[in-house]
Amino acid sequence: MARSAKLQAHDGVLLAAFCQWMRQQRGTADSTLYNYKRSLRDLLARVDEDPGALDAERLRRFVLETSQKSGWAATKKCTTALRMFLRFLIAEGRCAAELGAAVPTVAHWRLSALPRYLQSEDVDRLIASCDRTSA
């Protein structure tokens, strides 16, 4: 509990209200809220704690910048935190409902480095490289 109280001392009113709402409405654990707050503090600092300053472009830019300086997992956590925060803001009537769909999905495909198809020259080289004398 001391950790929770210590973290709340650094949070603004809006972030503290979000955490309270998440505990009451979702039963969210303090460890999850700690992870959410890391991204949300940065976002709120950019808009001077004014949720009315949030728009789709600003949210997308924030996710893009996060993805450029962090890995896939950190960006995924950021987008999850943003979506939950926007649900809170919408439920409280502090932002437009359309913003709920503004946070982009972070793609992460396991085999994304593989080409979708091979050029015909590459197919010919591949077939020519096979040893036709063995199975």
# chains A, B, ... in the order shown; residues from 1 in each chain; ligands from 1
$ select_by_dssp --residues "stretch 25-95 of chain A" --states "alpha helix (DSSP H)" --output "PyMOL selection string"
chain A and resi 25-26+30-46+56-69+72-91
$ residues_around --residues "A:Ala107" --least-positions-apart "4" --cutoff "12 Å" --atoms "only C-alpha atoms" --output "list in words"
Leu64, Ser67, Gly71, Trp72, Ala73, Thr75, Lys76, Thr79, Leu111 and Ser112 of chain A
$ residues_around --residues "A:Gly100" --least-positions-apart "5" --cutoff "8 Å" --atoms "only C-alpha atoms" --output "list in words"
Arg83, Leu86, Arg87 and Ile90 of chain A
$ atom_distance --atom1 "atom CA of A:Trp21" --atom2 "atom CA of A:Thr66"
25.2 Å
$ closest_residue --among "A:Ala16, A:Leu89, A:Lys69, A:Ala56" --to "A:Ala101" --atoms "only C-alpha atoms"
A:Ala56
$ residues_around --residues "A:Gly52" --least-positions-apart "3" --cutoff "8 Å" --atoms "only C-alpha atoms" --output "list in words"
Asp55, Arg94 and Cys95 of chain A
$ write_last_selection --atoms "N, CA and C atoms" --output "PDB file, in the first residue's frame"
ATOM      1  N   ASP A  55      -6.890  14.882 -29.499  1.00  0.00           N
ATOM      2  CA  ASP A  55      -7.592  14.605 -30.742  1.00  0.00           C
ATOM      3  C   ASP A  55      -6.934  13.395 -31.393  1.00  0.00           C
ATOM      4  N   ARG A  94     -15.683  13.630 -20.637  1.00  0.00           N
ATOM      5  CA  ARG A  94     -14.583  14.592 -20.737  1.00  0.00           C
ATOM      6  C   ARG A  94     -13.941  14.641 -22.118  1.00  0.00           C
ATOM      7  N   CYS A  95     -14.385  13.770 -23.027  1.00  0.00           N
ATOM      8  CA  CYS A  95     -13.881  13.825 -24.404  1.00  0.00           C
ATOM      9  C   CYS A  95     -14.924  13.218 -25.334  1.00  0.00           C
TER      10      CYS A  95
END
$ closest_residue --among "A:Leu33, A:Ala128, A:Ala135, A:Leu40" --to "A:Cys78" --atoms "only C-alpha atoms"
A:Leu40
$ residues_around --residues "A:Phe18" --least-positions-apart "5" --cutoff "12 Å" --atoms "only C-alpha atoms" --output "PyMOL selection string"
chain A and resi 8+11-13+23-26+28+33-34+36-37+40-41+51+81-82+84-92+94
$ write_last_selection --atoms "N, CA, C and O atoms" --output "mmCIF file, in the first residue's frame"
data_model
loop_
_atom_site.group_PDB
_atom_site.id
_atom_site.type_symbol
_atom_site.label_atom_id
_atom_site.label_comp_id
_atom_site.auth_asym_id
_atom_site.auth_seq_id
_atom_site.Cartn_x
_atom_site.Cartn_y
_atom_site.Cartn_z
ATOM 1 N N GLN A 8 0.726 7.830 -6.133
ATOM 2 C CA GLN A 8 -0.369 8.762 -6.317
ATOM 3 C C GLN A 8 0.038 10.195 -5.993
ATOM 4 O O GLN A 8 -0.555 11.137 -6.499
ATOM 5 N N ASP A 11 0.878 11.886 -9.157
ATOM 6 C CA ASP A 11 -0.154 11.907 -10.186
ATOM 7 C C ASP A 11 -0.988 13.167 -10.088
ATOM 8 O O ASP A 11 -1.247 13.683 -9.018
ATOM 9 N N GLY A 12 -1.443 13.639 -11.240
ATOM 10 C CA GLY A 12 -2.369 14.753 -11.264
ATOM 11 C C GLY A 12 -3.754 14.285 -10.876
ATOM 12 O O GLY A 12 -4.003 13.090 -10.683
ATOM 13 N N VAL A 13 -4.664 15.214 -10.765
ATOM 14 C CA VAL A 13 -6.036 14.906 -10.365
ATOM 15 C C VAL A 13 -6.695 13.964 -11.367
ATOM 16 O O VAL A 13 -7.368 13.004 -10.987
ATOM 17 N N ARG A 23 -10.015 0.938 -10.609
ATOM 18 C CA ARG A 23 -10.148 0.019 -9.474
ATOM 19 C C ARG A 23 -11.620 -0.328 -9.227
ATOM 20 O O ARG A 23 -11.957 -1.482 -9.002
ATOM 21 N N GLN A 24 -12.482 0.683 -9.277
ATOM 22 C CA GLN A 24 -13.898 0.470 -8.984
ATOM 23 C C GLN A 24 -14.625 -0.254 -10.111
ATOM 24 O O GLN A 24 -15.393 -1.177 -9.861
ATOM 25 N N GLN A 25 -14.417 0.177 -11.330
ATOM 26 C CA GLN A 25 -15.161 -0.360 -12.464
ATOM 27 C C GLN A 25 -14.586 -1.657 -13.021
ATOM 28 O O GLN A 25 -15.332 -2.484 -13.538
ATOM 29 N N ARG A 26 -13.282 -1.803 -12.936
ATOM 30 C CA ARG A 26 -12.623 -2.945 -13.566
ATOM 31 C C ARG A 26 -11.887 -3.861 -12.596
ATOM 32 O O ARG A 26 -11.428 -4.923 -12.997
ATOM 33 N N THR A 28 -8.961 -3.317 -11.383
ATOM 34 C CA THR A 28 -7.593 -3.345 -11.903
ATOM 35 C C THR A 28 -6.572 -3.312 -10.762
ATOM 36 O O THR A 28 -6.706 -2.549 -9.814
ATOM 37 N N LEU A 33 -2.009 -0.646 -13.106
ATOM 38 C CA LEU A 33 -2.150 0.813 -13.133
ATOM 39 C C LEU A 33 -0.789 1.496 -13.176
ATOM 40 O O LEU A 33 -0.621 2.520 -13.840
ATOM 41 N N TYR A 34 0.177 0.929 -12.485
ATOM 42 C CA TYR A 34 1.541 1.472 -12.518
ATOM 43 C C TYR A 34 2.056 1.480 -13.961
ATOM 44 O O TYR A 34 2.625 2.470 -14.422
ATOM 45 N N TYR A 36 0.225 1.414 -16.733
ATOM 46 C CA TYR A 36 -0.580 2.356 -17.510
ATOM 47 C C TYR A 36 -0.102 3.791 -17.289
ATOM 48 O O TYR A 36 0.004 4.579 -18.224
ATOM 49 N N LYS A 37 0.184 4.123 -16.031
ATOM 50 C CA LYS A 37 0.525 5.508 -15.697
ATOM 51 C C LYS A 37 1.827 5.963 -16.334
ATOM 52 O O LYS A 37 1.993 7.157 -16.596
ATOM 53 N N LEU A 40 0.652 7.289 -19.634
ATOM 54 C CA LEU A 40 -0.347 8.345 -19.494
ATOM 55 C C LEU A 40 0.244 9.635 -18.938
ATOM 56 O O LEU A 40 -0.179 10.726 -19.324
ATOM 57 N N ARG A 41 1.224 9.547 -18.061
ATOM 58 C CA ARG A 41 1.869 10.760 -17.542
ATOM 59 C C ARG A 41 2.512 11.545 -18.680
ATOM 60 O O ARG A 41 2.412 12.764 -18.740
ATOM 61 N N PRO A 51 -7.830 17.047 -21.018
ATOM 62 C CA PRO A 51 -8.303 16.012 -21.948
ATOM 63 C C PRO A 51 -9.006 16.592 -23.170
ATOM 64 O O PRO A 51 -9.089 15.941 -24.205
ATOM 65 N N ALA A 81 -3.085 1.207 -22.514
ATOM 66 C CA ALA A 81 -3.310 2.251 -21.509
ATOM 67 C C ALA A 81 -4.120 3.404 -22.093
ATOM 68 O O ALA A 81 -5.048 3.907 -21.441
ATOM 69 N N LEU A 82 -3.789 3.803 -23.308
ATOM 70 C CA LEU A 82 -4.520 4.895 -23.947
ATOM 71 C C LEU A 82 -5.986 4.544 -24.153
ATOM 72 O O LEU A 82 -6.873 5.365 -23.901
ATOM 73 N N MET A 84 -7.819 2.424 -22.475
ATOM 74 C CA MET A 84 -8.518 2.399 -21.183
ATOM 75 C C MET A 84 -8.746 3.821 -20.670
ATOM 76 O O MET A 84 -9.814 4.136 -20.143
ATOM 77 N N PHE A 85 -7.760 4.668 -20.828
ATOM 78 C CA PHE A 85 -7.885 6.054 -20.389
ATOM 79 C C PHE A 85 -8.988 6.766 -21.174
ATOM 80 O O PHE A 85 -9.783 7.517 -20.605
ATOM 81 N N LEU A 86 -9.043 6.521 -22.476
ATOM 82 C CA LEU A 86 -10.095 7.137 -23.294
ATOM 83 C C LEU A 86 -11.478 6.625 -22.899
ATOM 84 O O LEU A 86 -12.442 7.385 -22.899
ATOM 85 N N ARG A 87 -11.578 5.351 -22.554
ATOM 86 C CA ARG A 87 -12.870 4.825 -22.069
ATOM 87 C C ARG A 87 -13.304 5.564 -20.806
ATOM 88 O O ARG A 87 -14.478 5.885 -20.644
ATOM 89 N N PHE A 88 -12.354 5.805 -19.929
ATOM 90 C CA PHE A 88 -12.641 6.564 -18.718
ATOM 91 C C PHE A 88 -13.113 7.974 -19.066
ATOM 92 O O PHE A 88 -14.136 8.447 -18.562
ATOM 93 N N LEU A 89 -12.374 8.653 -19.938
ATOM 94 C CA LEU A 89 -12.730 10.022 -20.316
ATOM 95 C C LEU A 89 -14.110 10.078 -20.983
ATOM 96 O O LEU A 89 -14.899 10.979 -20.707
ATOM 97 N N ILE A 90 -14.402 9.122 -21.833
ATOM 98 C CA ILE A 90 -15.705 9.076 -22.509
ATOM 99 C C ILE A 90 -16.812 8.826 -21.491
ATOM 100 O O ILE A 90 -17.849 9.494 -21.515
ATOM 101 N N ALA A 91 -16.592 7.890 -20.577
ATOM 102 C CA ALA A 91 -17.594 7.583 -19.553
ATOM 103 C C ALA A 91 -17.859 8.785 -18.656
ATOM 104 O O ALA A 91 -18.992 8.987 -18.199
ATOM 105 N N GLU A 92 -16.836 9.580 -18.422
ATOM 106 C CA GLU A 92 -16.967 10.764 -17.576
ATOM 107 C C GLU A 92 -17.430 12.002 -18.355
ATOM 108 O O GLU A 92 -17.600 13.067 -17.773
ATOM 109 N N ARG A 94 -15.683 13.630 -20.637
ATOM 110 C CA ARG A 94 -14.583 14.592 -20.737
ATOM 111 C C ARG A 94 -13.941 14.641 -22.118
ATOM 112 O O ARG A 94 -13.030 15.435 -22.343
#
$ atom_distance --atom1 "atom CA of A:Asp30" --atom2 "atom CA of A:Glu98"
28.3 Å
$ atom_distance --atom1 "atom CA of A:Arg58" --atom2 "atom CA of A:Ala17"
22.1 Å
$ decode --residues "stretch 22-33 of chain A" --atoms "all heavy atoms" --output "PDB file, in the first residue's frame"
ATOM      1  N   MET A  22     -10.660   2.881 -12.505  1.00  0.00           N
ATOM      2  CA  MET A  22     -10.229   1.554 -12.946  1.00  0.00           C
ATOM      3  C   MET A  22     -10.341   0.525 -11.826  1.00  0.00           C
ATOM      4  O   MET A  22     -10.719  -0.618 -12.060  1.00  0.00           O
ATOM      5  CB  MET A  22      -8.782   1.609 -13.462  1.00  0.00           C
ATOM      6  CG  MET A  22      -8.642   2.294 -14.799  1.00  0.00           C
ATOM      7  SD  MET A  22      -9.422   1.409 -16.153  1.00  0.00           S
ATOM      8  CE  MET A  22      -8.314   0.021 -16.314  1.00  0.00           C
ATOM      9  N   ARG A  23     -10.015   0.938 -10.609  1.00  0.00           N
ATOM     10  CA  ARG A  23     -10.148   0.019  -9.474  1.00  0.00           C
ATOM     11  C   ARG A  23     -11.620  -0.328  -9.227  1.00  0.00           C
ATOM     12  O   ARG A  23     -11.957  -1.482  -9.002  1.00  0.00           O
ATOM     13  CB  ARG A  23      -9.544   0.638  -8.221  1.00  0.00           C
ATOM     14  CG  ARG A  23      -8.047   0.615  -8.198  1.00  0.00           C
ATOM     15  CD  ARG A  23      -7.506   1.114  -6.853  1.00  0.00           C
ATOM     16  NE  ARG A  23      -6.093   1.376  -6.964  1.00  0.00           N
ATOM     17  CZ  ARG A  23      -5.556   2.581  -7.165  1.00  0.00           C
ATOM     18  NH1 ARG A  23      -6.327   3.638  -7.274  1.00  0.00           N
ATOM     19  NH2 ARG A  23      -4.259   2.726  -7.262  1.00  0.00           N
ATOM     20  N   GLN A  24     -12.482   0.683  -9.277  1.00  0.00           N
ATOM     21  CA  GLN A  24     -13.898   0.470  -8.984  1.00  0.00           C
ATOM     22  C   GLN A  24     -14.625  -0.254 -10.111  1.00  0.00           C
ATOM     23  O   GLN A  24     -15.393  -1.177  -9.861  1.00  0.00           O
ATOM     24  CB  GLN A  24     -14.595   1.800  -8.710  1.00  0.00           C
ATOM     25  CG  GLN A  24     -14.210   2.437  -7.413  1.00  0.00           C
ATOM     26  CD  GLN A  24     -14.848   3.805  -7.245  1.00  0.00           C
ATOM     27  OE1 GLN A  24     -15.357   4.404  -8.184  1.00  0.00           O
ATOM     28  NE2 GLN A  24     -14.814   4.307  -6.014  1.00  0.00           N
ATOM     29  N   GLN A  25     -14.417   0.177 -11.330  1.00  0.00           N
ATOM     30  CA  GLN A  25     -15.161  -0.360 -12.464  1.00  0.00           C
ATOM     31  C   GLN A  25     -14.586  -1.657 -13.021  1.00  0.00           C
ATOM     32  O   GLN A  25     -15.332  -2.484 -13.538  1.00  0.00           O
ATOM     33  CB  GLN A  25     -15.236   0.676 -13.596  1.00  0.00           C
ATOM     34  CG  GLN A  25     -15.905   1.970 -13.216  1.00  0.00           C
ATOM     35  CD  GLN A  25     -17.361   1.782 -12.848  1.00  0.00           C
ATOM     36  OE1 GLN A  25     -18.081   1.036 -13.487  1.00  0.00           O
ATOM     37  NE2 GLN A  25     -17.788   2.457 -11.796  1.00  0.00           N
ATOM     38  N   ARG A  26     -13.282  -1.803 -12.936  1.00  0.00           N
ATOM     39  CA  ARG A  26     -12.623  -2.945 -13.566  1.00  0.00           C
ATOM     40  C   ARG A  26     -11.887  -3.861 -12.596  1.00  0.00           C
ATOM     41  O   ARG A  26     -11.428  -4.923 -12.997  1.00  0.00           O
ATOM     42  CB  ARG A  26     -11.604  -2.444 -14.600  1.00  0.00           C
ATOM     43  CG  ARG A  26     -12.175  -1.616 -15.703  1.00  0.00           C
ATOM     44  CD  ARG A  26     -12.599  -2.499 -16.793  1.00  0.00           C
ATOM     45  NE  ARG A  26     -12.913  -1.797 -18.006  1.00  0.00           N
ATOM     46  CZ  ARG A  26     -12.888  -2.380 -19.181  1.00  0.00           C
ATOM     47  NH1 ARG A  26     -12.516  -3.609 -19.292  1.00  0.00           N
ATOM     48  NH2 ARG A  26     -13.235  -1.716 -20.254  1.00  0.00           N
ATOM     49  N   GLY A  27     -11.713  -3.411 -11.356  1.00  0.00           N
ATOM     50  CA  GLY A  27     -10.959  -4.211 -10.397  1.00  0.00           C
ATOM     51  C   GLY A  27      -9.498  -4.344 -10.790  1.00  0.00           C
ATOM     52  O   GLY A  27      -8.860  -5.368 -10.538  1.00  0.00           O
ATOM     53  N   THR A  28      -8.961  -3.317 -11.383  1.00  0.00           N
ATOM     54  CA  THR A  28      -7.593  -3.345 -11.903  1.00  0.00           C
ATOM     55  C   THR A  28      -6.572  -3.312 -10.762  1.00  0.00           C
ATOM     56  O   THR A  28      -6.706  -2.549  -9.814  1.00  0.00           O
ATOM     57  CB  THR A  28      -7.364  -2.146 -12.839  1.00  0.00           C
ATOM     58  OG1 THR A  28      -8.387  -2.144 -13.831  1.00  0.00           O
ATOM     59  CG2 THR A  28      -6.023  -2.213 -13.522  1.00  0.00           C
ATOM     60  N   ALA A  29      -5.554  -4.128 -10.898  1.00  0.00           N
ATOM     61  CA  ALA A  29      -4.498  -4.232  -9.879  1.00  0.00           C
ATOM     62  C   ALA A  29      -3.575  -3.012  -9.948  1.00  0.00           C
ATOM     63  O   ALA A  29      -3.416  -2.388 -10.998  1.00  0.00           O
ATOM     64  CB  ALA A  29      -3.686  -5.503 -10.099  1.00  0.00           C
ATOM     65  N   ASP A  30      -2.952  -2.704  -8.821  1.00  0.00           N
ATOM     66  CA  ASP A  30      -2.021  -1.574  -8.754  1.00  0.00           C
ATOM     67  C   ASP A  30      -0.851  -1.741  -9.725  1.00  0.00           C
ATOM     68  O   ASP A  30      -0.376  -0.763 -10.298  1.00  0.00           O
ATOM     69  CB  ASP A  30      -1.488  -1.399  -7.334  1.00  0.00           C
ATOM     70  CG  ASP A  30      -2.502  -0.759  -6.410  1.00  0.00           C
ATOM     71  OD1 ASP A  30      -3.462  -0.137  -6.910  1.00  0.00           O
ATOM     72  OD2 ASP A  30      -2.348  -0.880  -5.175  1.00  0.00           O
ATOM     73  N   SER A  31      -0.388  -2.973  -9.913  1.00  0.00           N
ATOM     74  CA  SER A  31       0.733  -3.197 -10.822  1.00  0.00           C
ATOM     75  C   SER A  31       0.354  -2.844 -12.263  1.00  0.00           C
ATOM     76  O   SER A  31       1.154  -2.276 -13.007  1.00  0.00           O
ATOM     77  CB  SER A  31       1.215  -4.639 -10.738  1.00  0.00           C
ATOM     78  OG  SER A  31       0.158  -5.529 -11.050  1.00  0.00           O
ATOM     79  N   THR A  32      -0.867  -3.140 -12.653  1.00  0.00           N
ATOM     80  CA  THR A  32      -1.343  -2.787 -13.988  1.00  0.00           C
ATOM     81  C   THR A  32      -1.465  -1.274 -14.119  1.00  0.00           C
ATOM     82  O   THR A  32      -1.045  -0.688 -15.125  1.00  0.00           O
ATOM     83  CB  THR A  32      -2.696  -3.454 -14.271  1.00  0.00           C
ATOM     84  OG1 THR A  32      -2.546  -4.871 -14.158  1.00  0.00           O
ATOM     85  CG2 THR A  32      -3.214  -3.102 -15.648  1.00  0.00           C
ATOM     86  N   LEU A  33      -2.009  -0.646 -13.106  1.00  0.00           N
ATOM     87  CA  LEU A  33      -2.150   0.813 -13.133  1.00  0.00           C
ATOM     88  C   LEU A  33      -0.789   1.496 -13.176  1.00  0.00           C
ATOM     89  O   LEU A  33      -0.621   2.520 -13.840  1.00  0.00           O
ATOM     90  CB  LEU A  33      -2.956   1.293 -11.931  1.00  0.00           C
ATOM     91  CG  LEU A  33      -4.432   0.880 -11.956  1.00  0.00           C
ATOM     92  CD1 LEU A  33      -5.098   1.243 -10.642  1.00  0.00           C
ATOM     93  CD2 LEU A  33      -5.149   1.504 -13.131  1.00  0.00           C
TER      94      LEU A  33
END
